[in-house]
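> If you scroll down you'll find the structure; I have some questions about it.
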Amino acid sequence: MGEVVEREFFEVLEPASQRIPFVFNSPHSGRSYPLSFLSQSRLDAHSIRRSEDHFVDELFQNATFLGAPLLRAHFPRAFLDVNREPYELDPRMFEGQLPPHANISSMRVAGGLGTVPRLVAENMEIYRNRFPVEEALTRIESIYKPYHATLRKLIARTHVQFGMSVLIDCHSMPGNVHLPGSGQRPDFIVGDRYGTSAAGELSRTAVNLLEQLGYVVARNKPYAGGFITEHYGRPTRGLHALQIEINRSLYVDETTLAKKPGFAALTADLTTFIAALAQHVEEYGAYLPLAAE
């Protein structure tokens, strides 16, 4: 592995040299909980971790050996969610006035999952009391904005070097997720915002490669991609973004949050997947449809 560019709240794992037009991003695997945040919460130190994408950064970290950077959060999703608009905020959570540009009426805010979340999984309230709105705005200024500035730079650098960029936004999903209209539980869901964040050819290839590894794979349902996939995917400009959701039951005990024995095998499969997808892009990237499907 090459240089590690480290910050207090997040870091970029850099390859010795970037050899493939990919950027990997793990925005929800952070597990460094500020003590001041824990003291504000009504949840214990274990329960508050239920909204983490547990160890997803580790599952994808071999991307650096294959020649791509990996941006990963240290801060937890329960503290700040960078896969949201910058100001999706619930006024009921705060003391003081939100800025006029805050989006207080999005579906994600209504569901308790805004930029500063109100809930973790299973609808568990995070905070004991309201807290000053300035604290939420400080998290956005000091963490959210630098995080996205770093992600933008990685994508722009990749695009300049290779003439295209593929962002892989790395996530996990609860083990009890079922495909709509069936009882089948997917191992992976590949999201491309219904063909608007990446060329359909790229999405289909990602699905096919994972299926060839023996996994049950769905596309866009029930997860089509969040703010990051939507915001950075511009296939008409050669900027492709895919969200990949991994079923947590494959690799972690969702009660104890301990890694399962299959963790290493899944990591190896993901390394094989990344290498094969990169090879496909190297061979056919110039022919990817410019128009979204």
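Residue numbers start at 1 in each chain; chains themselves are named A, B, ... in the order of the structure tokens; ligands are numbered from 1 in the order shown.
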Counting only C-alpha atoms, what is within 9 Å of A:Asp192, bar same-chain residues fewer than 2 positions away, as a ChimeraX atom specification?
/A:190,194-200,203,219-220,224-225,229-230,233,240-243
> Would you output that residue set with N, CA, C and O atoms, as an mmCIF file, in the first residue's frame?

```
data_model
loop_
_atom_site.group_PDB
_atom_site.id
_atom_site.type_symbol
_atom_site.label_atom_id
_atom_site.label_comp_id
_atom_site.auth_asym_id
_atom_site.auth_seq_id
_atom_site.Cartn_x
_atom_site.Cartn_y
_atom_site.Cartn_z
ATOM 1 N N VAL A 190 -26.592 -3.602 -6.364
ATOM 2 C CA VAL A 190 -25.843 -2.600 -7.125
ATOM 3 C C VAL A 190 -26.815 -1.490 -7.503
ATOM 4 O O VAL A 190 -27.831 -1.734 -8.151
ATOM 5 N N TYR A 194 -31.225 4.055 -11.001
ATOM 6 C CA TYR A 194 -32.049 3.648 -12.150
ATOM 7 C C TYR A 194 -31.452 4.113 -13.481
ATOM 8 O O TYR A 194 -32.154 4.589 -14.361
ATOM 9 N N GLY A 195 -30.143 3.939 -13.579
ATOM 10 C CA GLY A 195 -29.466 4.226 -14.837
ATOM 11 C C GLY A 195 -29.020 5.654 -15.038
ATOM 12 O O GLY A 195 -28.481 5.974 -16.094
ATOM 13 N N THR A 196 -29.186 6.506 -14.036
ATOM 14 C CA THR A 196 -28.822 7.913 -14.217
ATOM 15 C C THR A 196 -27.440 8.263 -13.664
ATOM 16 O O THR A 196 -26.888 9.302 -14.022
ATOM 17 N N SER A 197 -26.862 7.420 -12.804
ATOM 18 C CA SER A 197 -25.565 7.766 -12.211
ATOM 19 C C SER A 197 -24.398 7.028 -12.863
ATOM 20 O O SER A 197 -23.235 7.328 -12.568
ATOM 21 N N ALA A 198 -24.696 6.062 -13.711
ATOM 22 C CA ALA A 198 -23.633 5.315 -14.386
ATOM 23 C C ALA A 198 -24.198 4.697 -15.657
ATOM 24 O O ALA A 198 -25.414 4.489 -15.770
ATOM 25 N N ALA A 199 -23.319 4.390 -16.596
ATOM 26 C CA ALA A 199 -23.749 3.702 -17.807
ATOM 27 C C ALA A 199 -24.324 2.337 -17.442
ATOM 28 O O ALA A 199 -23.767 1.625 -16.595
ATOM 29 N N GLY A 200 -25.446 1.988 -18.061
ATOM 30 C CA GLY A 200 -26.078 0.714 -17.772
ATOM 31 C C GLY A 200 -25.155 -0.462 -18.012
ATOM 32 O O GLY A 200 -25.201 -1.469 -17.289
ATOM 33 N N SER A 203 -23.152 -1.029 -14.871
ATOM 34 C CA SER A 203 -23.956 -1.627 -13.802
ATOM 35 C C SER A 203 -24.209 -3.103 -14.062
ATOM 36 O O SER A 203 -24.096 -3.939 -13.166
ATOM 37 N N ARG A 219 -30.419 -5.221 -8.616
ATOM 38 C CA ARG A 219 -30.025 -3.896 -9.111
ATOM 39 C C ARG A 219 -31.105 -2.881 -8.746
ATOM 40 O O ARG A 219 -32.269 -3.038 -9.116
ATOM 41 N N ASN A 220 -30.724 -1.896 -7.953
ATOM 42 C CA ASN A 220 -31.539 -0.716 -7.612
ATOM 43 C C ASN A 220 -32.666 -0.954 -6.603
ATOM 44 O O ASN A 220 -33.172 0.019 -6.045
ATOM 45 N N ALA A 224 -31.296 2.163 -4.482
ATOM 46 C CA ALA A 224 -30.841 2.623 -5.797
ATOM 47 C C ALA A 224 -29.619 3.521 -5.707
ATOM 48 O O ALA A 224 -29.009 3.842 -6.731
ATOM 49 N N GLY A 225 -29.251 3.932 -4.496
ATOM 50 C CA GLY A 225 -28.137 4.867 -4.326
ATOM 51 C C GLY A 225 -28.606 6.117 -3.622
ATOM 52 O O GLY A 225 -29.743 6.558 -3.801
ATOM 53 N N THR A 229 -24.111 8.911 -4.688
ATOM 54 C CA THR A 229 -24.239 8.308 -6.014
ATOM 55 C C THR A 229 -24.928 9.269 -6.974
ATOM 56 O O THR A 229 -24.491 9.464 -8.122
ATOM 57 N N GLU A 230 -25.996 9.879 -6.504
ATOM 58 C CA GLU A 230 -26.762 10.809 -7.337
ATOM 59 C C GLU A 230 -25.958 12.057 -7.675
ATOM 60 O O GLU A 230 -25.977 12.539 -8.811
ATOM 61 N N GLY A 233 -22.504 11.064 -9.871
ATOM 62 C CA GLY A 233 -22.652 10.311 -11.102
ATOM 63 C C GLY A 233 -23.120 11.199 -12.244
ATOM 64 O O GLY A 233 -24.240 11.699 -12.238
ATOM 65 N N HIS A 240 -18.901 8.149 -13.619
ATOM 66 C CA HIS A 240 -19.845 7.089 -13.275
ATOM 67 C C HIS A 240 -19.805 6.838 -11.768
ATOM 68 O O HIS A 240 -18.741 6.908 -11.150
ATOM 69 N N ALA A 241 -20.952 6.549 -11.178
ATOM 70 C CA ALA A 241 -21.031 6.275 -9.749
ATOM 71 C C ALA A 241 -21.963 5.101 -9.508
ATOM 72 O O ALA A 241 -23.113 5.103 -9.946
ATOM 73 N N LEU A 242 -21.452 4.090 -8.810
ATOM 74 C CA LEU A 242 -22.235 2.926 -8.425
ATOM 75 C C LEU A 242 -22.238 2.810 -6.906
ATOM 76 O O LEU A 242 -21.210 3.016 -6.256
ATOM 77 N N GLN A 243 -23.391 2.481 -6.337
ATOM 78 C CA GLN A 243 -23.469 2.145 -4.922
ATOM 79 C C GLN A 243 -23.541 0.631 -4.806
ATOM 80 O O GLN A 243 -24.307 -0.019 -5.509
#
```
> Based on DSSP run over this structure's backbone, return all residues of stretch 37-229 of chain A in alpha helix (DSSP H), as a count of residues only.
53
> I need the residues in stretch 18-55 of chain A that are strand (DSSP E) according to DSSP; give them as a PyMOL selection string.
chain A and resi 22-26
> Keeping only C-alpha atoms, write the selected residues as an mmCIF file, in the first residue's frame.

```
data_model
loop_
_atom_site.group_PDB
_atom_site.id
_atom_site.type_symbol
_atom_site.label_atom_id
_atom_site.label_comp_id
_atom_site.auth_asym_id
_atom_site.auth_seq_id
_atom_site.Cartn_x
_atom_site.Cartn_y
_atom_site.Cartn_z
ATOM 1 C CA PHE A 22 -11.661 4.089 -9.821
ATOM 2 C CA VAL A 23 -12.300 5.877 -6.539
ATOM 3 C CA PHE A 24 -13.663 3.918 -3.576
ATOM 4 C CA ASN A 25 -15.612 5.611 -0.808
ATOM 5 C CA SER A 26 -16.749 4.204 2.546
#
```
> Find, counting only C-alpha atoms, the residue in A:Thr267, A:Thr115, A:Ser106, A:Thr158 that gets nearest to A:Val56.
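So, comparing all the options, the nearest one is A:Thr267.
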> Find the residues around A:Ile189 up to 7 Å (only C-alpha atoms counted), leave out those fewer than 4 positions away in its own chain, and share them as a list in words.
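With the cut-off at 7 Å, the set is Val217, Ala218, Arg219, Asn220, Tyr223, Ile244, Glu245 and Ile246 of chain A.
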> Write the residues of the selection above to a file with all heavy atoms, as a short mmCIF file (atom, residue, chain, number, x, y, z; two decimals), in the first residue's frame.

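Contents of the output file part09.cif:
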```
data_model
loop_
_atom_site.label_atom_id
_atom_site.label_comp_id
_atom_site.auth_asym_id
_atom_site.auth_seq_id
_atom_site.Cartn_x
_atom_site.Cartn_y
_atom_site.Cartn_z
N VAL A 217 -27.67 -11.26 -6.51
CA VAL A 217 -27.44 -9.84 -6.74
C VAL A 217 -28.69 -9.20 -7.32
O VAL A 217 -29.33 -9.75 -8.22
CB VAL A 217 -26.25 -9.61 -7.69
CG1 VAL A 217 -25.90 -8.12 -7.75
CG2 VAL A 217 -25.04 -10.42 -7.25
N ALA A 218 -29.04 -8.03 -6.80
CA ALA A 218 -30.15 -7.23 -7.34
C ALA A 218 -29.61 -5.89 -7.81
O ALA A 218 -28.50 -5.49 -7.44
CB ALA A 218 -31.23 -7.03 -6.29
N ARG A 219 -30.42 -5.22 -8.62
CA ARG A 219 -30.02 -3.90 -9.11
C ARG A 219 -31.10 -2.88 -8.75
O ARG A 219 -32.27 -3.04 -9.12
CB ARG A 219 -29.82 -3.96 -10.62
CG ARG A 219 -29.34 -2.65 -11.25
CD ARG A 219 -29.11 -2.86 -12.74
NE ARG A 219 -28.85 -1.58 -13.43
CZ ARG A 219 -28.88 -1.44 -14.74
NH1 ARG A 219 -29.15 -2.48 -15.52
NH2 ARG A 219 -28.65 -0.26 -15.29
N ASN A 220 -30.72 -1.90 -7.95
CA ASN A 220 -31.54 -0.72 -7.61
C ASN A 220 -32.67 -0.95 -6.60
O ASN A 220 -33.17 0.02 -6.04
CB ASN A 220 -32.13 -0.06 -8.87
CG ASN A 220 -31.07 0.67 -9.67
OD1 ASN A 220 -30.20 1.34 -9.11
ND2 ASN A 220 -31.12 0.55 -10.99
N TYR A 223 -32.40 -0.57 -2.85
CA TYR A 223 -31.48 0.55 -2.67
C TYR A 223 -30.91 0.97 -4.02
O TYR A 223 -30.12 0.24 -4.63
CB TYR A 223 -30.34 0.19 -1.72
CG TYR A 223 -30.78 -0.27 -0.36
CD1 TYR A 223 -30.56 -1.59 0.05
CD2 TYR A 223 -31.42 0.60 0.52
CE1 TYR A 223 -30.96 -2.02 1.31
CE2 TYR A 223 -31.83 0.17 1.77
CZ TYR A 223 -31.59 -1.14 2.16
OH TYR A 223 -32.01 -1.56 3.40
N ILE A 244 -22.73 0.08 -3.92
CA ILE A 244 -22.75 -1.36 -3.69
C ILE A 244 -23.10 -1.62 -2.22
O ILE A 244 -22.40 -1.15 -1.32
CB ILE A 244 -21.40 -2.01 -4.05
CG1 ILE A 244 -21.15 -1.86 -5.56
CG2 ILE A 244 -21.37 -3.47 -3.64
CD1 ILE A 244 -19.92 -2.54 -6.07
N GLU A 245 -24.19 -2.33 -2.02
CA GLU A 245 -24.66 -2.72 -0.69
C GLU A 245 -24.34 -4.20 -0.48
O GLU A 245 -24.68 -5.04 -1.32
CB GLU A 245 -26.17 -2.51 -0.56
CG GLU A 245 -26.63 -1.07 -0.68
CD GLU A 245 -26.68 -0.36 0.66
OE1 GLU A 245 -26.33 -0.99 1.69
OE2 GLU A 245 -27.06 0.83 0.68
N ILE A 246 -23.72 -4.52 0.65
CA ILE A 246 -23.37 -5.89 0.99
C ILE A 246 -24.23 -6.34 2.17
O ILE A 246 -24.36 -5.62 3.16
CB ILE A 246 -21.89 -6.01 1.38
CG1 ILE A 246 -20.98 -5.41 0.29
CG2 ILE A 246 -21.51 -7.46 1.64
CD1 ILE A 246 -19.53 -5.34 0.69
#
```
> Please list as an mmCIF file with N, CA, C and O atoms, in the first residue's frame every residue within 12 Å of A:His74, counting only C-alpha atoms and excluding residues in the same chain fewer than 6 positions away.

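Once everything was written out, this is out04.cif:
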```cif
data_model
loop_
_atom_site.group_PDB
_atom_site.id
_atom_site.type_symbol
_atom_site.label_atom_id
_atom_site.label_comp_id
_atom_site.auth_asym_id
_atom_site.auth_seq_id
_atom_site.Cartn_x
_atom_site.Cartn_y
_atom_site.Cartn_z
ATOM 1 N N GLU A 6 -3.875 11.141 6.183
ATOM 2 C CA GLU A 6 -4.723 10.975 7.351
ATOM 3 C C GLU A 6 -5.200 12.321 7.886
ATOM 4 O O GLU A 6 -4.478 13.298 7.900
ATOM 5 N N ARG A 7 -6.446 12.338 8.317
ATOM 6 C CA ARG A 7 -7.006 13.471 9.008
ATOM 7 C C ARG A 7 -7.685 12.959 10.258
ATOM 8 O O ARG A 7 -7.842 11.754 10.442
ATOM 9 N N GLU A 8 -8.102 13.877 11.085
ATOM 10 C CA GLU A 8 -8.740 13.471 12.330
ATOM 11 C C GLU A 8 -10.049 12.740 12.071
ATOM 12 O O GLU A 8 -10.362 11.758 12.745
ATOM 13 N N PHE A 9 -10.804 13.188 11.096
ATOM 14 C CA PHE A 9 -12.150 12.665 10.899
ATOM 15 C C PHE A 9 -12.270 11.664 9.755
ATOM 16 O O PHE A 9 -13.242 10.932 9.680
ATOM 17 N N PHE A 10 -11.317 11.635 8.867
ATOM 18 C CA PHE A 10 -11.356 10.696 7.750
ATOM 19 C C PHE A 10 -9.957 10.565 7.180
ATOM 20 O O PHE A 10 -9.048 11.323 7.543
ATOM 21 N N GLU A 11 -9.776 9.596 6.304
ATOM 22 C CA GLU A 11 -8.468 9.427 5.684
ATOM 23 C C GLU A 11 -8.627 8.889 4.270
ATOM 24 O O GLU A 11 -9.645 8.290 3.919
ATOM 25 N N VAL A 12 -7.600 9.137 3.480
ATOM 26 C CA VAL A 12 -7.511 8.581 2.138
ATOM 27 C C VAL A 12 -6.384 7.554 2.134
ATOM 28 O O VAL A 12 -5.237 7.893 2.442
ATOM 29 N N SER A 26 -16.032 4.900 1.473
ATOM 30 C CA SER A 26 -16.749 4.204 2.546
ATOM 31 C C SER A 26 -17.180 5.239 3.584
ATOM 32 O O SER A 26 -16.484 5.490 4.569
ATOM 33 N N PRO A 27 -18.354 5.861 3.378
ATOM 34 C CA PRO A 27 -18.752 6.985 4.228
ATOM 35 C C PRO A 27 -19.440 6.597 5.535
ATOM 36 O O PRO A 27 -19.611 7.450 6.399
ATOM 37 N N HIS A 28 -19.823 5.327 5.685
ATOM 38 C CA HIS A 28 -20.627 4.925 6.850
ATOM 39 C C HIS A 28 -19.943 3.892 7.733
ATOM 40 O O HIS A 28 -20.586 3.332 8.626
ATOM 41 N N SER A 29 -18.664 3.611 7.496
ATOM 42 C CA SER A 29 -17.995 2.578 8.299
ATOM 43 C C SER A 29 -17.215 3.163 9.473
ATOM 44 O O SER A 29 -16.551 2.425 10.206
ATOM 45 N N GLY A 30 -17.315 4.470 9.692
ATOM 46 C CA GLY A 30 -16.598 5.100 10.802
ATOM 47 C C GLY A 30 -17.055 4.561 12.147
ATOM 48 O O GLY A 30 -18.246 4.348 12.376
ATOM 49 N N ARG A 31 -16.111 4.349 13.031
ATOM 50 C CA ARG A 31 -16.426 3.778 14.344
ATOM 51 C C ARG A 31 -15.677 4.466 15.482
ATOM 52 O O ARG A 31 -15.389 3.865 16.512
ATOM 53 N N SER A 32 -15.347 5.750 15.277
ATOM 54 C CA SER A 32 -14.716 6.546 16.324
ATOM 55 C C SER A 32 -15.765 7.499 16.893
ATOM 56 O O SER A 32 -16.108 8.511 16.271
ATOM 57 N N TYR A 33 -16.291 7.181 18.056
ATOM 58 C CA TYR A 33 -17.416 7.914 18.644
ATOM 59 C C TYR A 33 -16.908 8.939 19.653
ATOM 60 O O TYR A 33 -16.324 8.565 20.673
ATOM 61 N N PRO A 34 -17.093 10.236 19.386
ATOM 62 C CA PRO A 34 -16.664 11.250 20.356
ATOM 63 C C PRO A 34 -17.353 11.053 21.701
ATOM 64 O O PRO A 34 -18.558 10.774 21.766
ATOM 65 N N GLU A 52 -24.025 1.648 11.652
ATOM 66 C CA GLU A 52 -22.730 1.554 10.967
ATOM 67 C C GLU A 52 -22.803 0.588 9.792
ATOM 68 O O GLU A 52 -23.532 -0.402 9.822
ATOM 69 N N ASP A 53 -22.003 0.851 8.779
ATOM 70 C CA ASP A 53 -21.697 -0.146 7.757
ATOM 71 C C ASP A 53 -20.444 -0.874 8.238
ATOM 72 O O ASP A 53 -19.313 -0.538 7.874
ATOM 73 N N HIS A 54 -20.648 -1.862 9.073
ATOM 74 C CA HIS A 54 -19.563 -2.472 9.834
ATOM 75 C C HIS A 54 -18.462 -3.028 8.932
ATOM 76 O O HIS A 54 -18.712 -3.871 8.060
ATOM 77 N N PHE A 55 -17.248 -2.519 9.137
ATOM 78 C CA PHE A 55 -16.023 -3.038 8.515
ATOM 79 C C PHE A 55 -16.024 -2.978 6.988
ATOM 80 O O PHE A 55 -15.192 -3.626 6.347
ATOM 81 N N ASP A 57 -15.048 -0.651 5.087
ATOM 82 C CA ASP A 57 -13.772 -0.108 4.628
ATOM 83 C C ASP A 57 -12.707 -1.199 4.536
ATOM 84 O O ASP A 57 -11.880 -1.198 3.622
ATOM 85 N N LEU A 80 -22.846 12.064 12.014
ATOM 86 C CA LEU A 80 -22.972 12.901 10.817
ATOM 87 C C LEU A 80 -23.041 11.984 9.604
ATOM 88 O O LEU A 80 -22.230 11.070 9.471
ATOM 89 N N ASP A 81 -24.009 12.236 8.737
ATOM 90 C CA ASP A 81 -24.190 11.398 7.554
ATOM 91 C C ASP A 81 -23.839 12.200 6.308
ATOM 92 O O ASP A 81 -24.598 13.079 5.883
ATOM 93 N N VAL A 82 -22.691 11.888 5.708
ATOM 94 C CA VAL A 82 -22.248 12.621 4.514
ATOM 95 C C VAL A 82 -22.919 12.118 3.242
ATOM 96 O O VAL A 82 -22.702 12.668 2.165
ATOM 97 N N ILE A 143 -16.509 18.861 9.119
ATOM 98 C CA ILE A 143 -16.354 17.473 8.685
ATOM 99 C C ILE A 143 -16.999 17.239 7.319
ATOM 100 O O ILE A 143 -16.343 16.785 6.386
ATOM 101 N N TYR A 147 -14.897 16.598 3.856
ATOM 102 C CA TYR A 147 -15.017 15.236 3.329
ATOM 103 C C TYR A 147 -15.386 15.270 1.849
ATOM 104 O O TYR A 147 -14.755 14.613 1.007
#
```
> Counting only C-alpha atoms, what is within 12 Å of A:Pro91, bar same-chain residues fewer than 6 positions away, as a list in words?
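In the requested form, the answer reads Gln97, Leu98, Pro99, Pro100, Ala102, Asn103, Ile104, Ser105, Val109, Ala110, Gly112, Gly114, Thr115, Val116, Pro117, Arg118, Arg130, Phe131, Pro132, Val133 and Ala136 of chain A.
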> May I have the residues within 9 Å of A:Val252 as an mmCIF file with N, CA and C atoms, in the first residue's frame, using only C-alpha atoms and disregarding those fewer than 6 positions away in the same chain?

```cif
data_model
loop_
_atom_site.group_PDB
_atom_site.id
_atom_site.type_symbol
_atom_site.label_atom_id
_atom_site.label_comp_id
_atom_site.auth_asym_id
_atom_site.auth_seq_id
_atom_site.Cartn_x
_atom_site.Cartn_y
_atom_site.Cartn_z
ATOM 1 N N HIS A 54 -20.648 -1.862 9.073
ATOM 2 C CA HIS A 54 -19.563 -2.472 9.834
ATOM 3 C C HIS A 54 -18.462 -3.028 8.932
ATOM 4 N N PHE A 55 -17.248 -2.519 9.137
ATOM 5 C CA PHE A 55 -16.023 -3.038 8.515
ATOM 6 C C PHE A 55 -16.024 -2.978 6.988
ATOM 7 N N ALA A 258 -19.245 -8.930 15.806
ATOM 8 C CA ALA A 258 -17.958 -9.588 15.576
ATOM 9 C C ALA A 258 -17.897 -10.107 14.143
ATOM 10 N N LYS A 259 -16.706 -10.080 13.565
ATOM 11 C CA LYS A 259 -16.527 -10.621 12.216
ATOM 12 C C LYS A 259 -16.780 -12.124 12.210
ATOM 13 N N LYS A 260 -17.416 -12.600 11.146
ATOM 14 C CA LYS A 260 -17.635 -14.031 10.964
ATOM 15 C C LYS A 260 -16.408 -14.667 10.307
ATOM 16 N N PRO A 261 -16.290 -15.993 10.393
ATOM 17 C CA PRO A 261 -15.151 -16.663 9.736
ATOM 18 C C PRO A 261 -15.080 -16.412 8.237
ATOM 19 N N GLY A 262 -16.208 -16.079 7.607
ATOM 20 C CA GLY A 262 -16.214 -15.845 6.168
ATOM 21 C C GLY A 262 -15.713 -14.477 5.747
ATOM 22 N N PHE A 263 -15.260 -13.668 6.689
ATOM 23 C CA PHE A 263 -14.836 -12.297 6.379
ATOM 24 C C PHE A 263 -13.698 -12.277 5.358
#
```
> What does the distance from atom CA of A:Arg50 to atom CA of A:Ser172 come to in Å, to one decimal?
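Calculated distance between atom CA of A:Arg50 and atom CA of A:Ser172 is 11.4 Å.
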> In terms of the shortest atom-to-atom distance over only C-alpha atoms, which of A:Leu71, A:Pro76, A:Glu58, A:Tyr127 is closest to A:Arg139?
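For A:Arg139, the nearest of the given residues is A:Pro76.
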> Just checking: using only C-alpha atoms, which residue out of A:Arg108, A:His231, A:Gln161, A:Cys170 ends up closest to A:His148?
A:His231
